[in-house]
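Remarks on the structure that follows.
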Amino acid sequence: MASAEEVARQAQRKDIRDRWFLSAPALLVIFFAATGPLLIVLVYSFLTPGAYGDVKWQFSPEAWVSVFLERDIFDDTLSLAAAHVTIFWRSIKLAIVTTIATLALGFPTAYFMATRSEKTRDLWLFLITIPFWTNLLIRTFAVLQIIRNEGLINTVLIKLGIISSPIQILFTDTAILIGMAYVYLPLMVLPIYASMEKLDFRLVEAGYDLYASRFQVLRRIIFPLVRPGVIAGSILVFIPAIGAYVSPSLLGGGKNMMLSNLIELQFGQGRNWPLGSALSIAVMIIVMVALLAYVRNASRSEVRHG
Amino acid sequence: MNFRLSAATAALALLAATGLAHAEGTLNIYNWGNYTNPDVIKKFEEKYNVKVTITDYDSNETALAKVRQGGSGFDIAVPSQTHLPIWIKEGLLLETNPSGMENGKNIASEWANPDFDPGRKYSVPWAWGTVGIVVNTNTYKGDINTWGIVFDTPDELKGKVNVAPEMKDVMTAAVHYVGGEQCTADKEVLKKVRDLLVAAKANWVSMEYGAIDRMKAGDFQASTTWNGAGLRIRLARPEVHFGYPKEGFTYWSDNVVVLKDAKNVENAKLFQNFIMDPEVAAQLSAYHRYANGIAGSDKFMPADMKDAPEIVIPEASKPHGTMAMMCAPETDAIYTKIWTELRK
């Protein structure tokens with residue numbers, strides 16, 4: 001005898017089945033759009049490079065080996081791929097510094113915005129999003145005009161007699177940092193602002209009433225409460241920064257390669273698509289591991305403080 | 001919304017279909033960016049009642065990769081001489097036999113039978129030039145006809161030299177500077193090349209493309225570049241001159257070819273013939289600022305190019321030039337390693 005319970009359970013099961021069935025087309029599209037291209041990259045990383053670009057359909061682990069190890073072209077000894085490690089590390093370092101710089105600038109900005117009156121907040125939010133209306137390339141060119149040797153900063157400083165010869169900012173790591181911090185700043189400000197806006201400022205007042213110093217209020221009250229925004233902002237800045245191509249290419253001078261340049265070299269003049277694919281996947285794995293560690297670490301300390 | 005989207009798709013499909021139906025009226029050109037004189041295109045469109053579309057690429061590798069996939073929809077491409085033999089070997093090109101065309105007789109004798117396309121069976125000269133150096137002679141007064149500017153930088157130019165990140169050009173220049181042959185795989189020579197490059201890099205400010213704008217803006221005082229770029233810079237900044245390195249500089253040449261899967265073959269052939277007209281070739285040169293390889297075009301050349309030392313190679317420098325060629329894949333793999341080490 002089918003109990004009422006049984007019938008209800010069946011109906012529920014059917015309901016779930018229908019939902020899956022109805023959302024299947026969308027899920028399939030998302031699944032294949034997300035994994036399809038990645039799978040091709042993964043497969044290519046295990047093939048043999050074609051003589052003039054492209055790949056030969058012949059299995060070879062060579063690309064993965066040469067991501068980590070290199071055979072010296074002169075004495076044939078095998079050693080750690082120092083060039084790759086140096087380039088990886090340079091990109092990671094730059095991404096970390098960019099994240100810190102945007103955080104240092106973005107946090108006060110978000111705080112300022114969140115503490116304005118309801119009406120003016122929208123205006124500030126609007127102003128923050130204005131740079132998004134302009135193409136990344138054009139914004140980077142604008143930075144270039146400002147920092148180049150015969151550009152705005154140097155011309156003004158020379159005219160004022162403060163310096164006699166131009167300061168070399170362009171083509172340095174500082175230039176890349178300026179460019180990237182400028183470009184990615186809104187990505188940091190927006191999530192922090194979103195958390196900050198929900199912050200109950202009575203808690204801040206309570207803190208002051210209990211004789212907390214300004215710094216203590218910031219560290220013990222404001223920061224823990226907006227932590228999700230800070231985490232989200234850091235991730236949003238860090239990920240594109242590690243693969244940044246436009247800023248390093250236009251402002252950095254290209255003497256020292258970034259990850260993006262190294263990968264581009266393999267698909268261009270280097271004509272080693274499998275190595276380019278393997279490098280791309282390696283970067284993805286590193287970023288993913290780093291982020292998982294970061295998020296887990298960040299949420300754990302949240303529990304401790306909470 | 002949905003209806004509108006599908007209506008738009010249908011309209012697009014219809015457009016594509018009619019586009020095919022009237023194939024005799026179109027021509028799709030795949031060429032390097034900022035390289036094609038729009039006036040010439042206009043003239044061609046009016047003369048033959050053809051609608052021309054131009055798509056840009058930025059490297060031989062990109063062009064080859066895209067055309068190789070098939071179905072690119074392009075009729076014409078303009079590969080460099082280094083890559084042209086690969087296009088031929090891989091069967092990507094249609095044998096249009098330009099030397100037999102009406103204007104085929106206009107191909108300059110030195111370009112009529114090049115190694116990269118013996119007998120001119122596939123390609124028509126578009127532009128040719130040289131790889132050399134531009135130097136701001138206010139900053140440096142010495143001899144500029146040497147790779148020493150880059151590899152043994154004089155004090156006046158230290159920290160002010162740019163090297164365009166064109167792997168093949170830089171490697172070849174360095175090989176020539178240490179006395180080797182183009183495309184050498186000799187380990188002794190390559191070791192010298194690597195040590196030379198690594199030591200020289202300390203004196204460079206950057207490794208960038210875009211020498212024209214950067215030299216004009218004063219971002220650097222010397223740079224490796226192509227001769228046409230050298231001309232453009234000098235016209236804007238008269239103190240900048242182009243040098244032909246005596247240790248050995250290279251020639252390059254870009255050539256117009258018709259793709260095997262071209263849909264508008266007749267128009268593509270018309271175009272190949274059209275640009276071999278001396279007056280048209282001169283017009284093309286006036287825009288891209290390089291020599292063209294068409295005999296008789298000199299009298300139509302703009303005044304600022306007729307005797308320009310960047311375009312008319314000085315007799316004294318001529319013996320130092322060789323045609324750049326494609327190296328063996330294994331050699332290129334070694335070059336890539338040295339290149340990666342240089343820029344790590």
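Letters A, B, ... mark the chains of the structure tokens in the order given; residue numbers begin at 1 per chain; ligand numbers begin at 1, in order shown.
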Please provide the set of residues having any atom within 7 Å of B:Phe242, restricted to only C-alpha atoms, with same-chain residues fewer than 5 positions apart removed, written as a short mmCIF file (atom, residue, chain, number, x, y, z; two decimals) with N, CA and C atoms, in the first residue's frame.
```cif
data_model
loop_
_atom_site.label_atom_id
_atom_site.label_comp_id
_atom_site.auth_asym_id
_atom_site.auth_seq_id
_atom_site.Cartn_x
_atom_site.Cartn_y
_atom_site.Cartn_z
N GLY B 132 67.43 47.40 -39.75
CA GLY B 132 68.60 48.18 -39.36
C GLY B 132 68.38 48.90 -38.04
N ILE B 133 69.02 50.08 -37.94
CA ILE B 133 68.98 50.81 -36.67
C ILE B 133 68.62 52.26 -36.92
N VAL B 134 67.80 52.84 -36.07
CA VAL B 134 67.64 54.30 -36.08
C VAL B 134 68.34 54.88 -34.86
N VAL B 135 69.02 55.99 -35.07
CA VAL B 135 69.74 56.63 -33.97
C VAL B 135 69.46 58.13 -34.02
N ASN B 227 63.47 49.93 -42.33
CA ASN B 227 63.85 51.17 -43.00
C ASN B 227 62.68 52.14 -43.20
N GLY B 230 62.18 53.98 -40.26
CA GLY B 230 63.25 54.97 -40.14
C GLY B 230 62.91 56.24 -40.91
N GLU B 310 66.87 55.93 -46.68
CA GLU B 310 66.27 54.74 -46.08
C GLU B 310 65.71 53.81 -47.16
#
```
Near B:His176, counting only C-alpha atoms, which residues have an atom at most 12 Å away, once you skip same-chain residues fewer than 5 positions from it, shown as a short mmCIF file (atom, residue, chain, number, x, y, z; two decimals) with all heavy atoms, in the first residue's frame?
```
data_model
loop_
_atom_site.label_atom_id
_atom_site.label_comp_id
_atom_site.auth_asym_id
_atom_site.auth_seq_id
_atom_site.Cartn_x
_atom_site.Cartn_y
_atom_site.Cartn_z
N THR B 146 76.39 50.23 -37.65
CA THR B 146 76.94 49.06 -36.96
C THR B 146 75.96 48.55 -35.89
O THR B 146 75.25 49.34 -35.26
CB THR B 146 78.28 49.40 -36.27
OG1 THR B 146 78.62 48.33 -35.39
CG2 THR B 146 78.20 50.69 -35.47
N TRP B 147 75.94 47.21 -35.73
CA TRP B 147 75.13 46.63 -34.66
C TRP B 147 75.73 46.95 -33.30
O TRP B 147 75.13 46.65 -32.26
CB TRP B 147 75.03 45.11 -34.83
CG TRP B 147 74.13 44.66 -35.95
CD1 TRP B 147 74.49 43.87 -36.99
CD2 TRP B 147 72.74 44.94 -36.12
NE1 TRP B 147 73.40 43.66 -37.82
CE2 TRP B 147 72.31 44.30 -37.30
CE3 TRP B 147 71.79 45.68 -35.39
CZ2 TRP B 147 71.01 44.37 -37.78
CZ3 TRP B 147 70.50 45.76 -35.86
CH2 TRP B 147 70.12 45.11 -37.05
N GLY B 148 76.95 47.53 -33.30
CA GLY B 148 77.58 47.91 -32.04
C GLY B 148 76.70 48.86 -31.22
O GLY B 148 76.77 48.87 -29.99
N PHE B 151 74.76 46.13 -29.45
CA PHE B 151 75.44 45.06 -28.71
C PHE B 151 76.66 45.55 -27.94
O PHE B 151 77.19 44.84 -27.10
CB PHE B 151 75.84 43.94 -29.68
CG PHE B 151 74.65 43.31 -30.36
CD1 PHE B 151 74.58 43.21 -31.73
CD2 PHE B 151 73.59 42.84 -29.60
CE1 PHE B 151 73.48 42.63 -32.35
CE2 PHE B 151 72.48 42.26 -30.21
CZ PHE B 151 72.43 42.17 -31.59
N ASP B 169 65.05 38.53 -36.00
CA ASP B 169 65.89 39.67 -36.39
C ASP B 169 67.02 39.90 -35.39
O ASP B 169 68.17 40.13 -35.78
CB ASP B 169 65.04 40.96 -36.46
CG ASP B 169 64.11 40.95 -37.66
OD1 ASP B 169 64.28 40.08 -38.53
OD2 ASP B 169 63.22 41.82 -37.72
N VAL B 170 66.70 39.84 -34.11
CA VAL B 170 67.72 40.11 -33.09
C VAL B 170 68.77 39.00 -33.08
O VAL B 170 69.97 39.27 -33.03
CB VAL B 170 67.06 40.23 -31.69
CG1 VAL B 170 68.12 40.46 -30.63
CG2 VAL B 170 66.03 41.35 -31.68
N MET B 171 68.31 37.74 -33.17
CA MET B 171 69.26 36.63 -33.18
C MET B 171 70.18 36.72 -34.39
O MET B 171 71.40 36.54 -34.27
CB MET B 171 68.50 35.29 -33.18
CG MET B 171 67.79 34.96 -31.89
SD MET B 171 68.90 34.80 -30.46
CE MET B 171 69.85 33.35 -30.93
N GLU B 181 77.12 32.88 -39.48
CA GLU B 181 76.23 32.87 -40.64
C GLU B 181 74.78 32.82 -40.16
O GLU B 181 74.47 32.19 -39.15
CB GLU B 181 76.49 31.62 -41.49
CG GLU B 181 77.82 31.63 -42.23
CD GLU B 181 77.76 32.50 -43.48
OE1 GLU B 181 76.73 32.46 -44.17
OE2 GLU B 181 78.74 33.23 -43.75
N GLN B 182 73.88 33.43 -40.93
CA GLN B 182 72.46 33.38 -40.62
C GLN B 182 72.00 31.93 -40.41
O GLN B 182 72.41 31.04 -41.15
CB GLN B 182 71.69 34.01 -41.79
CG GLN B 182 70.26 34.29 -41.47
CD GLN B 182 69.46 34.81 -42.65
OE1 GLN B 182 68.27 34.88 -42.57
NE2 GLN B 182 70.10 35.21 -43.73
N CYS B 183 71.17 31.71 -39.40
CA CYS B 183 70.59 30.39 -39.11
C CYS B 183 71.64 29.36 -38.66
O CYS B 183 71.39 28.15 -38.72
CB CYS B 183 69.82 29.81 -40.29
SG CYS B 183 68.22 30.58 -40.51
N THR B 184 72.76 29.81 -38.17
CA THR B 184 73.78 28.86 -37.76
C THR B 184 73.31 28.06 -36.55
O THR B 184 72.54 28.55 -35.72
CB THR B 184 75.09 29.59 -37.39
OG1 THR B 184 76.06 28.61 -37.04
CG2 THR B 184 74.91 30.51 -36.20
N VAL B 189 79.41 29.47 -31.83
CA VAL B 189 78.89 30.78 -32.22
C VAL B 189 77.72 31.17 -31.32
O VAL B 189 77.64 32.30 -30.82
CB VAL B 189 78.45 30.77 -33.70
CG1 VAL B 189 77.80 32.09 -34.07
CG2 VAL B 189 79.64 30.48 -34.61
N LEU B 190 76.83 30.21 -31.08
CA LEU B 190 75.62 30.54 -30.32
C LEU B 190 75.94 30.86 -28.86
O LEU B 190 75.25 31.66 -28.23
CB LEU B 190 74.62 29.38 -30.41
CG LEU B 190 74.00 29.23 -31.80
CD1 LEU B 190 73.04 28.07 -31.84
CD2 LEU B 190 73.28 30.52 -32.20
N LYS B 192 78.64 32.42 -27.94
CA LYS B 192 79.07 33.82 -28.01
C LYS B 192 77.86 34.74 -28.13
O LYS B 192 77.80 35.80 -27.52
CB LYS B 192 79.98 34.02 -29.24
CG LYS B 192 81.44 33.68 -28.99
CD LYS B 192 82.27 34.18 -30.17
CE LYS B 192 83.37 33.20 -30.52
NZ LYS B 192 83.82 33.31 -31.90
N VAL B 193 76.90 34.30 -28.93
CA VAL B 193 75.69 35.11 -29.14
C VAL B 193 74.95 35.31 -27.82
O VAL B 193 74.56 36.42 -27.47
CB VAL B 193 74.76 34.43 -30.18
CG1 VAL B 193 73.37 35.02 -30.14
CG2 VAL B 193 75.35 34.57 -31.57
N LEU B 196 76.85 37.59 -25.55
CA LEU B 196 76.78 38.95 -26.07
C LEU B 196 75.43 39.58 -25.72
O LEU B 196 75.37 40.71 -25.20
CB LEU B 196 76.96 38.91 -27.59
CG LEU B 196 76.83 40.25 -28.31
CD1 LEU B 196 78.07 41.09 -28.08
CD2 LEU B 196 76.61 40.06 -29.81
N PRO B 245 73.79 48.24 -40.70
CA PRO B 245 74.93 47.66 -39.99
C PRO B 245 75.89 46.92 -40.93
O PRO B 245 75.47 46.07 -41.71
CB PRO B 245 74.28 46.70 -38.99
CG PRO B 245 72.94 47.30 -38.75
CD PRO B 245 72.51 47.87 -40.06
N LYS B 246 77.17 47.28 -40.82
CA LYS B 246 78.18 46.73 -41.73
C LYS B 246 78.50 45.27 -41.42
O LYS B 246 79.03 44.56 -42.26
CB LYS B 246 79.45 47.58 -41.70
CG LYS B 246 80.09 47.74 -40.32
CD LYS B 246 81.39 48.53 -40.44
CE LYS B 246 82.05 48.75 -39.08
NZ LYS B 246 81.44 49.88 -38.33
N GLU B 247 78.16 44.81 -40.19
CA GLU B 247 78.42 43.41 -39.86
C GLU B 247 77.46 42.49 -40.60
O GLU B 247 77.65 41.26 -40.61
CB GLU B 247 78.25 43.18 -38.35
CG GLU B 247 79.23 43.95 -37.48
CD GLU B 247 78.77 45.37 -37.20
OE1 GLU B 247 77.64 45.72 -37.57
OE2 GLU B 247 79.55 46.14 -36.59
N GLY B 248 76.44 43.07 -41.20
CA GLY B 248 75.45 42.26 -41.93
C GLY B 248 74.04 42.62 -41.52
O GLY B 248 73.68 42.44 -40.36
N PHE B 249 73.27 43.17 -42.46
CA PHE B 249 71.85 43.43 -42.20
C PHE B 249 71.03 42.53 -43.11
O PHE B 249 71.58 41.91 -44.02
CB PHE B 249 71.50 44.91 -42.41
CG PHE B 249 71.67 45.39 -43.83
CD1 PHE B 249 70.62 45.30 -44.74
CD2 PHE B 249 72.87 45.95 -44.26
CE1 PHE B 249 70.77 45.75 -46.04
CE2 PHE B 249 73.03 46.40 -45.56
CZ PHE B 249 71.97 46.29 -46.46
N THR B 250 69.74 42.41 -42.84
CA THR B 250 68.92 41.51 -43.66
C THR B 250 67.85 42.26 -44.43
O THR B 250 67.39 43.32 -44.01
CB THR B 250 68.25 40.43 -42.80
OG1 THR B 250 67.69 41.03 -41.65
CG2 THR B 250 69.23 39.36 -42.40
N HIS B 320 76.62 44.45 -47.71
CA HIS B 320 76.44 43.91 -46.35
C HIS B 320 75.07 43.26 -46.14
O HIS B 320 74.79 42.76 -45.07
CB HIS B 320 76.65 45.02 -45.31
CG HIS B 320 77.97 45.71 -45.44
ND1 HIS B 320 78.11 47.06 -45.29
CD2 HIS B 320 79.20 45.24 -45.76
CE1 HIS B 320 79.37 47.40 -45.49
NE2 HIS B 320 80.05 46.31 -45.77
N GLY B 321 74.23 43.32 -47.16
CA GLY B 321 72.86 42.82 -46.98
C GLY B 321 72.67 41.41 -47.48
O GLY B 321 73.25 41.00 -48.48
N THR B 322 71.85 40.61 -46.76
CA THR B 322 71.44 39.29 -47.24
C THR B 322 69.94 39.14 -46.99
O THR B 322 69.39 39.78 -46.11
CB THR B 322 72.14 38.14 -46.48
OG1 THR B 322 72.08 38.43 -45.09
CG2 THR B 322 73.58 37.97 -46.92
N ALA B 324 66.75 37.59 -45.50
CA ALA B 324 66.44 36.81 -44.31
C ALA B 324 65.74 35.53 -44.71
O ALA B 324 64.91 35.54 -45.63
CB ALA B 324 65.55 37.61 -43.37
#
```
Enumerate, in order of chain and increasing residue number, the residues of chain B with an atom no farther than 6 Å from chain A, each with its shortest atom pair and distance in Å to one decimal, counting only C-alpha atoms, as CSV.
```
residue,atom,partner,partner_atom,distance
B:Glu61,CA,A:Gly268,CA,5.6
B:Ser206,CA,A:Gly253,CA,4.2
B:Met207,CA,A:Gly254,CA,4.8
B:Glu208,CA,A:Gly253,CA,5.8
B:Asp219,CA,A:Asn149,CA,5.9
B:Pro329,CA,A:Ala51,CA,5.7
B:Thr336,CA,A:Gly270,CA,5.5
B:Glu341,CA,A:Ala83,CA,5.7
B:Arg343,CA,A:Asn256,CA,4.7
B:Lys344,CA,A:Ala83,CA,5.2
```
So that I can check the surroundings of B:Glu330, please list as a PyMOL selection string every protein, DNA and RNA residue that reaches within 9 Å of it, counting only C-alpha atoms and ignoring chain neighbours fewer than 3 positions away.
(chain A and resi 51) or (chain B and resi 185+327+333-335)
As an mmCIF file with all heavy atoms, in the first residue's frame, please: the residues near A:Phe112 (cut-off 12 Å, only C-alpha atoms, same-chain neighbours under 3 positions excluded).
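Below you can see selection35.cif, which holds the result:
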```cif
data_model
loop_
_atom_site.group_PDB
_atom_site.id
_atom_site.type_symbol
_atom_site.label_atom_id
_atom_site.label_comp_id
_atom_site.auth_asym_id
_atom_site.auth_seq_id
_atom_site.Cartn_x
_atom_site.Cartn_y
_atom_site.Cartn_z
ATOM 1 N N LEU A 105 44.749 51.594 -1.601
ATOM 2 C CA LEU A 105 44.022 52.737 -2.156
ATOM 3 C C LEU A 105 42.510 52.523 -2.102
ATOM 4 O O LEU A 105 41.736 53.465 -1.870
ATOM 5 C CB LEU A 105 44.428 52.958 -3.622
ATOM 6 C CG LEU A 105 45.835 53.476 -3.876
ATOM 7 C CD1 LEU A 105 46.171 53.370 -5.350
ATOM 8 C CD2 LEU A 105 45.964 54.913 -3.407
ATOM 9 N N GLY A 106 42.091 51.265 -2.311
ATOM 10 C CA GLY A 106 40.669 50.970 -2.454
ATOM 11 C C GLY A 106 39.915 50.971 -1.139
ATOM 12 O O GLY A 106 38.750 51.398 -1.086
ATOM 13 N N PHE A 107 40.578 50.514 -0.073
ATOM 14 C CA PHE A 107 39.889 50.425 1.221
ATOM 15 C C PHE A 107 39.441 51.804 1.717
ATOM 16 O O PHE A 107 38.254 51.996 2.008
ATOM 17 C CB PHE A 107 40.805 49.732 2.238
ATOM 18 C CG PHE A 107 40.100 49.307 3.492
ATOM 19 C CD1 PHE A 107 39.494 48.065 3.576
ATOM 20 C CD2 PHE A 107 40.030 50.165 4.590
ATOM 21 C CE1 PHE A 107 38.832 47.676 4.724
ATOM 22 C CE2 PHE A 107 39.365 49.783 5.744
ATOM 23 C CZ PHE A 107 38.766 48.532 5.812
ATOM 24 N N PRO A 108 40.350 52.790 1.774
ATOM 25 C CA PRO A 108 39.906 54.130 2.204
ATOM 26 C C PRO A 108 38.851 54.725 1.265
ATOM 27 O O PRO A 108 37.926 55.390 1.725
ATOM 28 C CB PRO A 108 41.189 54.969 2.155
ATOM 29 C CG PRO A 108 42.308 54.015 2.111
ATOM 30 C CD PRO A 108 41.787 52.765 1.499
ATOM 31 N N THR A 109 39.013 54.450 -0.034
ATOM 32 C CA THR A 109 38.042 54.971 -0.996
ATOM 33 C C THR A 109 36.653 54.421 -0.692
ATOM 34 O O THR A 109 35.665 55.165 -0.644
ATOM 35 C CB THR A 109 38.441 54.581 -2.437
ATOM 36 O OG1 THR A 109 39.807 54.888 -2.618
ATOM 37 C CG2 THR A 109 37.603 55.303 -3.460
ATOM 38 N N THR A 115 30.537 56.157 3.811
ATOM 39 C CA THR A 115 30.178 57.062 4.905
ATOM 40 C C THR A 115 29.536 58.348 4.391
ATOM 41 O O THR A 115 29.285 59.261 5.168
ATOM 42 C CB THR A 115 31.428 57.411 5.744
ATOM 43 O OG1 THR A 115 32.489 57.775 4.853
ATOM 44 C CG2 THR A 115 31.858 56.248 6.600
ATOM 45 N N ARG A 116 29.304 58.457 3.078
ATOM 46 C CA ARG A 116 28.558 59.622 2.555
ATOM 47 C C ARG A 116 27.071 59.399 2.774
ATOM 48 O O ARG A 116 26.639 58.288 3.117
ATOM 49 C CB ARG A 116 28.805 59.810 1.050
ATOM 50 C CG ARG A 116 30.219 60.090 0.601
ATOM 51 C CD ARG A 116 30.848 61.240 1.301
ATOM 52 N NE ARG A 116 31.685 60.734 2.386
ATOM 53 C CZ ARG A 116 32.335 61.493 3.259
ATOM 54 N NH1 ARG A 116 32.223 62.806 3.203
ATOM 55 N NH2 ARG A 116 33.067 60.964 4.201
ATOM 56 N N SER A 117 26.286 60.435 2.541
ATOM 57 C CA SER A 117 24.838 60.303 2.691
ATOM 58 C C SER A 117 24.295 59.406 1.575
ATOM 59 O O SER A 117 24.909 59.267 0.528
ATOM 60 C CB SER A 117 24.183 61.680 2.608
ATOM 61 O OG SER A 117 24.244 62.136 1.278
ATOM 62 N N THR A 120 24.320 60.873 -2.089
ATOM 63 C CA THR A 120 25.583 61.120 -2.795
ATOM 64 C C THR A 120 26.345 59.828 -3.060
ATOM 65 O O THR A 120 27.157 59.777 -3.951
ATOM 66 C CB THR A 120 26.486 62.088 -2.011
ATOM 67 O OG1 THR A 120 26.449 61.711 -0.642
ATOM 68 C CG2 THR A 120 26.038 63.511 -2.174
ATOM 69 N N ARG A 121 26.041 58.766 -2.276
ATOM 70 C CA ARG A 121 26.714 57.490 -2.499
ATOM 71 C C ARG A 121 26.582 57.023 -3.943
ATOM 72 O O ARG A 121 27.543 56.575 -4.545
ATOM 73 C CB ARG A 121 26.084 56.415 -1.602
ATOM 74 C CG ARG A 121 26.814 56.207 -0.320
ATOM 75 C CD ARG A 121 26.167 55.076 0.415
ATOM 76 N NE ARG A 121 25.977 55.461 1.796
ATOM 77 C CZ ARG A 121 25.336 54.695 2.671
ATOM 78 N NH1 ARG A 121 24.784 53.569 2.275
ATOM 79 N NH2 ARG A 121 25.226 55.081 3.903
ATOM 80 N N TRP A 124 29.013 58.745 -6.149
ATOM 81 C CA TRP A 124 30.384 58.236 -6.032
ATOM 82 C C TRP A 124 30.535 56.893 -6.733
ATOM 83 O O TRP A 124 31.528 56.637 -7.417
ATOM 84 C CB TRP A 124 30.778 58.106 -4.555
ATOM 85 C CG TRP A 124 30.970 59.440 -3.902
ATOM 86 C CD1 TRP A 124 30.163 60.023 -2.976
ATOM 87 C CD2 TRP A 124 32.030 60.367 -4.150
ATOM 88 N NE1 TRP A 124 30.644 61.261 -2.626
ATOM 89 C CE2 TRP A 124 31.787 61.496 -3.321
ATOM 90 C CE3 TRP A 124 33.142 60.357 -4.971
ATOM 91 C CZ2 TRP A 124 32.629 62.602 -3.311
ATOM 92 C CZ3 TRP A 124 33.983 61.459 -4.958
ATOM 93 C CH2 TRP A 124 33.719 62.567 -4.137
ATOM 94 N N LEU A 125 29.526 56.050 -6.559
ATOM 95 C CA LEU A 125 29.537 54.745 -7.200
ATOM 96 C C LEU A 125 29.620 54.909 -8.708
ATOM 97 O O LEU A 125 30.378 54.233 -9.404
ATOM 98 C CB LEU A 125 28.258 53.992 -6.819
ATOM 99 C CG LEU A 125 28.281 52.486 -7.000
ATOM 100 C CD1 LEU A 125 29.392 51.869 -6.180
ATOM 101 C CD2 LEU A 125 26.935 51.898 -6.588
ATOM 102 N N VAL A 189 37.586 48.327 -5.227
ATOM 103 C CA VAL A 189 36.698 49.252 -4.515
ATOM 104 C C VAL A 189 35.274 48.702 -4.440
ATOM 105 O O VAL A 189 34.645 48.726 -3.376
ATOM 106 C CB VAL A 189 36.696 50.639 -5.208
ATOM 107 C CG1 VAL A 189 35.633 51.530 -4.586
ATOM 108 C CG2 VAL A 189 38.061 51.276 -5.101
ATOM 109 N N ILE A 192 34.499 45.859 -1.817
ATOM 110 C CA ILE A 192 34.675 46.361 -0.444
ATOM 111 C C ILE A 192 33.534 47.322 -0.106
ATOM 112 O O ILE A 192 32.966 47.276 0.983
ATOM 113 C CB ILE A 192 36.043 47.072 -0.281
ATOM 114 C CG1 ILE A 192 37.179 46.100 -0.557
ATOM 115 C CG2 ILE A 192 36.179 47.649 1.128
ATOM 116 C CD1 ILE A 192 38.554 46.672 -0.325
ATOM 117 N N TYR A 193 33.202 48.154 -1.080
ATOM 118 C CA TYR A 193 32.097 49.098 -0.851
ATOM 119 C C TYR A 193 30.806 48.339 -0.557
ATOM 120 O O TYR A 193 30.041 48.714 0.331
ATOM 121 C CB TYR A 193 31.928 49.999 -2.072
ATOM 122 C CG TYR A 193 30.680 50.827 -2.028
ATOM 123 C CD1 TYR A 193 30.594 51.939 -1.182
ATOM 124 C CD2 TYR A 193 29.580 50.495 -2.802
ATOM 125 C CE1 TYR A 193 29.438 52.691 -1.121
ATOM 126 C CE2 TYR A 193 28.422 51.242 -2.744
ATOM 127 C CZ TYR A 193 28.352 52.342 -1.919
ATOM 128 O OH TYR A 193 27.198 53.076 -1.845
ATOM 129 N N MET A 196 30.990 47.250 2.909
ATOM 130 C CA MET A 196 31.056 48.413 3.794
ATOM 131 C C MET A 196 29.691 49.084 3.921
ATOM 132 O O MET A 196 29.333 49.596 4.972
ATOM 133 C CB MET A 196 32.068 49.406 3.209
ATOM 134 C CG MET A 196 32.578 50.426 4.162
ATOM 135 S SD MET A 196 34.002 49.835 5.064
ATOM 136 C CE MET A 196 35.352 50.215 3.987
ATOM 137 N N GLU A 197 28.943 49.044 2.824
ATOM 138 C CA GLU A 197 27.636 49.702 2.824
ATOM 139 C C GLU A 197 26.686 49.050 3.829
ATOM 140 O O GLU A 197 25.843 49.705 4.409
ATOM 141 C CB GLU A 197 27.042 49.634 1.415
ATOM 142 C CG GLU A 197 26.040 50.730 1.135
ATOM 143 C CD GLU A 197 25.266 50.470 -0.135
ATOM 144 O OE1 GLU A 197 25.348 49.342 -0.658
ATOM 145 O OE2 GLU A 197 24.580 51.378 -0.604
#
```
